[in-house]
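Accompanying notes for the structure given below.
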Amino acid sequence: MAAVTERRSALVTGATAGIGAAFVRELAAEGFGLILVARDEERLRGLAAELPVPVEVLPADLATADGCDTVAARLTDAGRPVDLLVNNAGRSLNRSFLRSTVELEEELLRLNVHAVMRLTLAALPGMVERGRGEIVNVSSVSGFAALMPGSTYPASKAWVTNFSESQAQLVRGKGVRVMALCPGYTRTEFHGRAGIDMSRTPSWIWLDARTVVRAGLRDLRRGRVVSVPGWKYKLAVFGIRHAPRGLVHRVARDTRGRIGHEER
Ligand SMILES: NC(=O)c1ccc[n+]([C@@H]2O[C@H](COP(=O)([O-])OP(=O)(O)OC[C@H]3O[C@@H](n4cnc5c(N)ncnc54)[C@H](OP(=O)(O)O)[C@@H]3O)[C@@H](O)[C@H]2O)c1
């Protein structure tokens, strides 16, 4: 089997489930060598065993400094350059800010914001030096406005989208691409992990992870800086960006009633 260094390689965070696992499968089918990051080592090894390409398993908790250091060290290893970084790992919370804790909010920011900054800073200078490379930061449609009253998750994703747009402009013309992938509701483990009850959410609202990833990779290759998979969500984002703020907030309040954020 060829070594990872002989073919294009991709490092995917949050590789074991949902959108991350869909990235892994899609990139493996394209022949990428893969570096898989998540906390659950057994699950990482199980996924690695299924893949027909060379795979490195890199267990790390990206909400910790040590976890970020481990992955950053792999990304800065000049002898084994990474061609595509997918900053995908992220989480939400199931409670209003009034009932939150400093620990939970800091953990969300460390994973959704700090790890994205840290790993992009590890990968991007080397990519610019080599004159090639791609970074996909998985953000969210929710980052386009304060769509979940009391939730800090959309604010973390607003940072990811803005950050990605900013870095994309910085590296334009240098052979390197940075893109924010902004999915809407996608069927994964995400809401279950956060304890958010989505049972009252209509079925037409859901995307599947494979569709999200395929649209994202297509947009990346077209040179898009922000990718919103699915025509319904493209329309929604247009509305969010152009409708009066008061109307957006009213719709957001109504939507919250249909999505079970536990109030504790
Ligand atoms: N699903 C949606 O509706 C939706 C919509 C818009 C945006 N997004 C975004 O899409 C991204 C992926 O979400 P998903 O829906 O695919 O979630 P998911 O199914 O819950 O998968 C999360 C992945 O991240 C890993 N992970 C969680 N915490 C981690 C940590 N501290 N350090 C390292 N890895 C960690 C998990 O593995 P371990 O538990 O083993 O670490 C798992 O592989 C997130 O950034 C999310 O905000 C999701």
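Just so we're on the same page: first chain in the structure tokens is A, next is B, and so on; residues restart at 1 for each chain, and ligands are numbered from 1 in the order they show up.
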
Sorted per-residue table, chain A near ligand 1, closest atoms and distance, 8 Å, only C-alpha atoms and all ligand atoms, as a tab-separated table:
```
residue	atom	partner	partner_atom_place_in_ligand_line	distance
A:Thr13	CA	ligand 1	34 (N)	6.0
A:Gly14	CA	ligand 1	24 (O)	3.2
A:Ala15	CA	ligand 1	43 (O)	4.5
A:Thr16	CA	ligand 1	43 (O)	3.8
A:Ala17	CA	ligand 1	43 (O)	4.3
A:Gly18	CA	ligand 1	16 (O)	3.4
A:Ile19	CA	ligand 1	16 (O)	3.8
A:Gly20	CA	ligand 1	16 (O)	5.5
A:Ala21	CA	ligand 1	43 (O)	7.0
A:Val37	CA	ligand 1	34 (N)	6.4
A:Ala38	CA	ligand 1	34 (N)	3.7
A:Arg39	CA	ligand 1	41 (O)	3.6
A:Asp40	CA	ligand 1	40 (O)	3.7
A:Glu41	CA	ligand 1	40 (O)	7.0
A:Arg43	CA	ligand 1	40 (O)	6.9
A:Leu44	CA	ligand 1	40 (O)	7.5
A:Pro59	CA	ligand 1	33 (C)	7.7
A:Ala60	CA	ligand 1	33 (C)	5.7
A:Asp61	CA	ligand 1	32 (N)	3.6
A:Leu62	CA	ligand 1	32 (N)	3.8
A:Ala63	CA	ligand 1	31 (N)	4.5
A:Thr64	CA	ligand 1	31 (N)	7.4
A:Gly67	CA	ligand 1	32 (N)	7.4
A:Asn87	CA	ligand 1	45 (O)	7.6
A:Asn88	CA	ligand 1	45 (O)	4.7
A:Ala89	CA	ligand 1	24 (O)	4.0
A:Gly90	CA	ligand 1	45 (O)	3.4
A:Arg91	CA	ligand 1	47 (O)	5.2
A:Ser92	CA	ligand 1	47 (O)	6.7
A:Glu107	CA	ligand 1	31 (N)	8.0
A:Leu111	CA	ligand 1	31 (N)	5.8
A:Asn112	CA	ligand 1	45 (O)	6.5
A:Val138	CA	ligand 1	45 (O)	5.2
A:Ser139	CA	ligand 1	7 (C)	5.4
A:Ser140	CA	ligand 1	6 (C)	4.1
A:Val141	CA	ligand 1	6 (C)	6.3
A:Ser142	CA	ligand 1	6 (C)	7.2
A:Tyr153	CA	ligand 1	47 (O)	7.9
A:Lys157	CA	ligand 1	47 (O)	7.4
A:Cys182	CA	ligand 1	6 (C)	6.2
A:Pro183	CA	ligand 1	6 (C)	4.4
A:Gly184	CA	ligand 1	5 (C)	4.8
A:Tyr185	CA	ligand 1	3 (O)	3.5
A:Thr186	CA	ligand 1	3 (O)	3.7
A:Arg187	CA	ligand 1	1 (N)	5.6
A:Thr188	CA	ligand 1	19 (O)	4.2
A:Glu189	CA	ligand 1	19 (O)	3.6
A:Phe190	CA	ligand 1	20 (O)	3.3
A:His191	CA	ligand 1	1 (N)	6.7
A:Gly192	CA	ligand 1	20 (O)	7.6
A:Arg193	CA	ligand 1	20 (O)	6.1
A:Trp206	CA	ligand 1	3 (O)	7.8
A:Leu207	CA	ligand 1	3 (O)	7.9
A:Ala209	CA	ligand 1	16 (O)	7.3
```

Could you save those same residues with C-alpha atoms as an mmCIF file, in the first residue's frame?
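Final output, saved to out-v1.cif:
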```
data_model
loop_
_atom_site.group_PDB
_atom_site.id
_atom_site.type_symbol
_atom_site.label_atom_id
_atom_site.label_comp_id
_atom_site.auth_asym_id
_atom_site.auth_seq_id
_atom_site.Cartn_x
_atom_site.Cartn_y
_atom_site.Cartn_z
ATOM 1 C CA THR A 13 -11.440 16.637 12.614
ATOM 2 C CA GLY A 14 -14.592 15.113 14.028
ATOM 3 C CA ALA A 15 -13.966 12.262 11.598
ATOM 4 C CA THR A 16 -15.971 9.501 13.274
ATOM 5 C CA ALA A 17 -19.548 10.723 12.841
ATOM 6 C CA GLY A 18 -21.920 12.808 10.746
ATOM 7 C CA ILE A 19 -20.435 15.366 8.362
ATOM 8 C CA GLY A 20 -16.824 14.471 9.290
ATOM 9 C CA ALA A 21 -17.341 10.775 8.520
ATOM 10 C CA VAL A 37 -9.032 13.148 14.425
ATOM 11 C CA ALA A 38 -11.654 12.681 17.162
ATOM 12 C CA ARG A 39 -11.633 11.716 20.851
ATOM 13 C CA ASP A 40 -12.867 8.103 20.618
ATOM 14 C CA GLU A 41 -9.808 6.106 19.539
ATOM 15 C CA ARG A 43 -14.188 4.353 16.846
ATOM 16 C CA LEU A 44 -11.403 6.037 14.854
ATOM 17 C CA PRO A 59 -6.963 10.722 18.848
ATOM 18 C CA ALA A 60 -7.267 14.225 20.347
ATOM 19 C CA ASP A 61 -9.713 16.294 22.359
ATOM 20 C CA LEU A 62 -9.730 19.607 20.484
ATOM 21 C CA ALA A 63 -11.402 21.373 23.397
ATOM 22 C CA THR A 64 -8.070 21.042 25.220
ATOM 23 C CA GLY A 67 -5.320 18.009 21.908
ATOM 24 C CA ASN A 87 -11.971 21.736 10.566
ATOM 25 C CA ASN A 88 -15.254 19.973 11.214
ATOM 26 C CA ALA A 89 -15.487 19.025 14.909
ATOM 27 C CA GLY A 90 -18.041 21.182 16.689
ATOM 28 C CA ARG A 91 -20.787 21.079 19.283
ATOM 29 C CA SER A 92 -23.849 22.891 20.518
ATOM 30 C CA GLU A 107 -15.674 24.295 26.106
ATOM 31 C CA LEU A 111 -13.858 23.512 20.200
ATOM 32 C CA ASN A 112 -15.896 25.653 17.769
ATOM 33 C CA VAL A 138 -17.420 23.668 8.822
ATOM 34 C CA SER A 139 -19.612 26.530 9.979
ATOM 35 C CA SER A 140 -23.434 26.722 9.887
ATOM 36 C CA VAL A 141 -26.382 28.569 8.343
ATOM 37 C CA SER A 142 -27.113 29.642 11.915
ATOM 38 C CA TYR A 153 -23.707 28.411 19.080
ATOM 39 C CA LYS A 157 -20.305 29.893 13.791
ATOM 40 C CA CYS A 182 -22.416 26.375 6.091
ATOM 41 C CA PRO A 183 -24.931 23.515 6.314
ATOM 42 C CA GLY A 184 -28.480 23.779 7.571
ATOM 43 C CA TYR A 185 -30.031 21.031 9.695
ATOM 44 C CA THR A 186 -28.215 17.807 8.827
ATOM 45 C CA ARG A 187 -29.034 14.324 10.107
ATOM 46 C CA THR A 188 -26.039 13.357 12.283
ATOM 47 C CA GLU A 189 -25.369 12.686 15.968
ATOM 48 C CA PHE A 190 -25.062 16.425 16.629
ATOM 49 C CA HIS A 191 -28.478 17.230 18.143
ATOM 50 C CA GLY A 192 -28.649 13.962 20.087
ATOM 51 C CA ARG A 193 -25.251 14.625 21.659
ATOM 52 C CA TRP A 206 -33.186 17.967 6.876
ATOM 53 C CA LEU A 207 -30.096 17.462 4.716
ATOM 54 C CA ALA A 209 -24.305 14.496 5.440
#
```

- Message: Can you tell me, as a list in words, which residues in segment 2-157 of chain A count as strand (DSSP E or B) by DSSP?
- Response: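 Strand (DSSP E or B) assignments inside segment 2-157 of chain A correspond to Ser9, Ala10, Leu11, Val12, Thr13, Gly33, Leu34, Ile35, Leu36, Val37, Ala38, Val55, Glu56, Val57, Leu58, Pro59, Leu84, Leu85, Val86, Asn87, Gly133, Glu134, Ile135, Val136, Asn137 and Val138 of chain A.
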
- Have a look at A:Ser227, A:Asn137, A:Ser9, A:Thr201 and name the one nearest to Ile35 of chain A; count only C-alpha atoms.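 Closest to Ile35 of chain A of all the choices is A:Ser9.
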
- Message: Set the distance at 6 Å and use only C-alpha atoms: which residues neighbour Leu34 of chain A once local chain neighbours fewer than 3 positions away are removed? I'd like the list as a list in words.
- Response: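 These residues fall inside the cut-off: Ser9, Ala10, Leu11 and Val55 of chain A.
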
- Best match for closeness to Val213 of chain A among A:Leu170, A:Ala115, A:Leu181, A:Ala236, counting only C-alpha atoms: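 The answer is A:Leu181, which sits nearest to Val213 of chain A.
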
- Please give the complete set of residues from segment 46-243 of chain A that DSSP, run on the backbone, assigns to helix (DSSP H, G or I), formatted as a PyMOL selection string. chain A and resi 46-50+65-75+97-99+102-130+141-144+153-171+190-194+203-205+209-221+231-242

- Task: State, in Å with one decimal place, the distance from atom CA of Met148 of chain A to atom CA of Gly239 of chain A.
- Result: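 Computing it gives 16.0 Å between the two atoms.
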
- Query: What does the distance between atom CA of Pro244 of chain A and atom CA of Ala145 of chain A come to in Å, to one decimal place?
  - Reply: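 Straight-line distance from atom CA of Pro244 of chain A to atom CA of Ala145 of chain A works out to 11.5 Å.
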
- Task: List the neighbours of Asp77 of chain A out to 10 Å using only C-alpha atoms; skip same-chain residues closer than 5 positions along the sequence, and give me the result as a list in words.
- Result: Ala72, Val82, Ala122, Ala123 and Gly126 of chain A

Selection to disk with all heavy atoms, as a PDB file, in the first residue's frame:
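Final output, saved to again-v5.pdb:
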```
ATOM      1  N   ALA A  72      -1.872  20.148  15.803  1.00  0.00           N
ATOM      2  CA  ALA A  72      -1.074  21.219  15.179  1.00  0.00           C
ATOM      3  C   ALA A  72       0.319  20.685  14.820  1.00  0.00           C
ATOM      4  O   ALA A  72       0.867  21.020  13.762  1.00  0.00           O
ATOM      5  CB  ALA A  72      -0.982  22.421  16.115  1.00  0.00           C
ATOM      6  N   VAL A  82       0.184  18.250   4.689  1.00  0.00           N
ATOM      7  CA  VAL A  82      -1.255  17.967   4.571  1.00  0.00           C
ATOM      8  C   VAL A  82      -1.826  18.917   3.519  1.00  0.00           C
ATOM      9  O   VAL A  82      -1.646  20.134   3.604  1.00  0.00           O
ATOM     10  CB  VAL A  82      -1.962  18.162   5.936  1.00  0.00           C
ATOM     11  CG1 VAL A  82      -3.481  18.057   5.789  1.00  0.00           C
ATOM     12  CG2 VAL A  82      -1.436  17.139   6.955  1.00  0.00           C
ATOM     13  N   ALA A 122      -1.780  26.591  12.157  1.00  0.00           N
ATOM     14  CA  ALA A 122      -0.743  25.555  11.992  1.00  0.00           C
ATOM     15  C   ALA A 122      -0.582  25.189  10.513  1.00  0.00           C
ATOM     16  O   ALA A 122       0.530  24.973  10.035  1.00  0.00           O
ATOM     17  CB  ALA A 122      -1.105  24.322  12.812  1.00  0.00           C
ATOM     18  N   ALA A 123      -1.699  25.132   9.782  1.00  0.00           N
ATOM     19  CA  ALA A 123      -1.653  24.595   8.413  1.00  0.00           C
ATOM     20  C   ALA A 123      -1.376  25.650   7.342  1.00  0.00           C
ATOM     21  O   ALA A 123      -0.673  25.385   6.356  1.00  0.00           O
ATOM     22  CB  ALA A 123      -2.983  23.907   8.093  1.00  0.00           C
ATOM     23  N   GLY A 126       2.334  26.956   5.912  1.00  0.00           N
ATOM     24  CA  GLY A 126       3.010  25.918   5.121  1.00  0.00           C
ATOM     25  C   GLY A 126       2.362  25.774   3.750  1.00  0.00           C
ATOM     26  O   GLY A 126       3.050  25.591   2.737  1.00  0.00           O
TER      27      GLY A 126
END
```
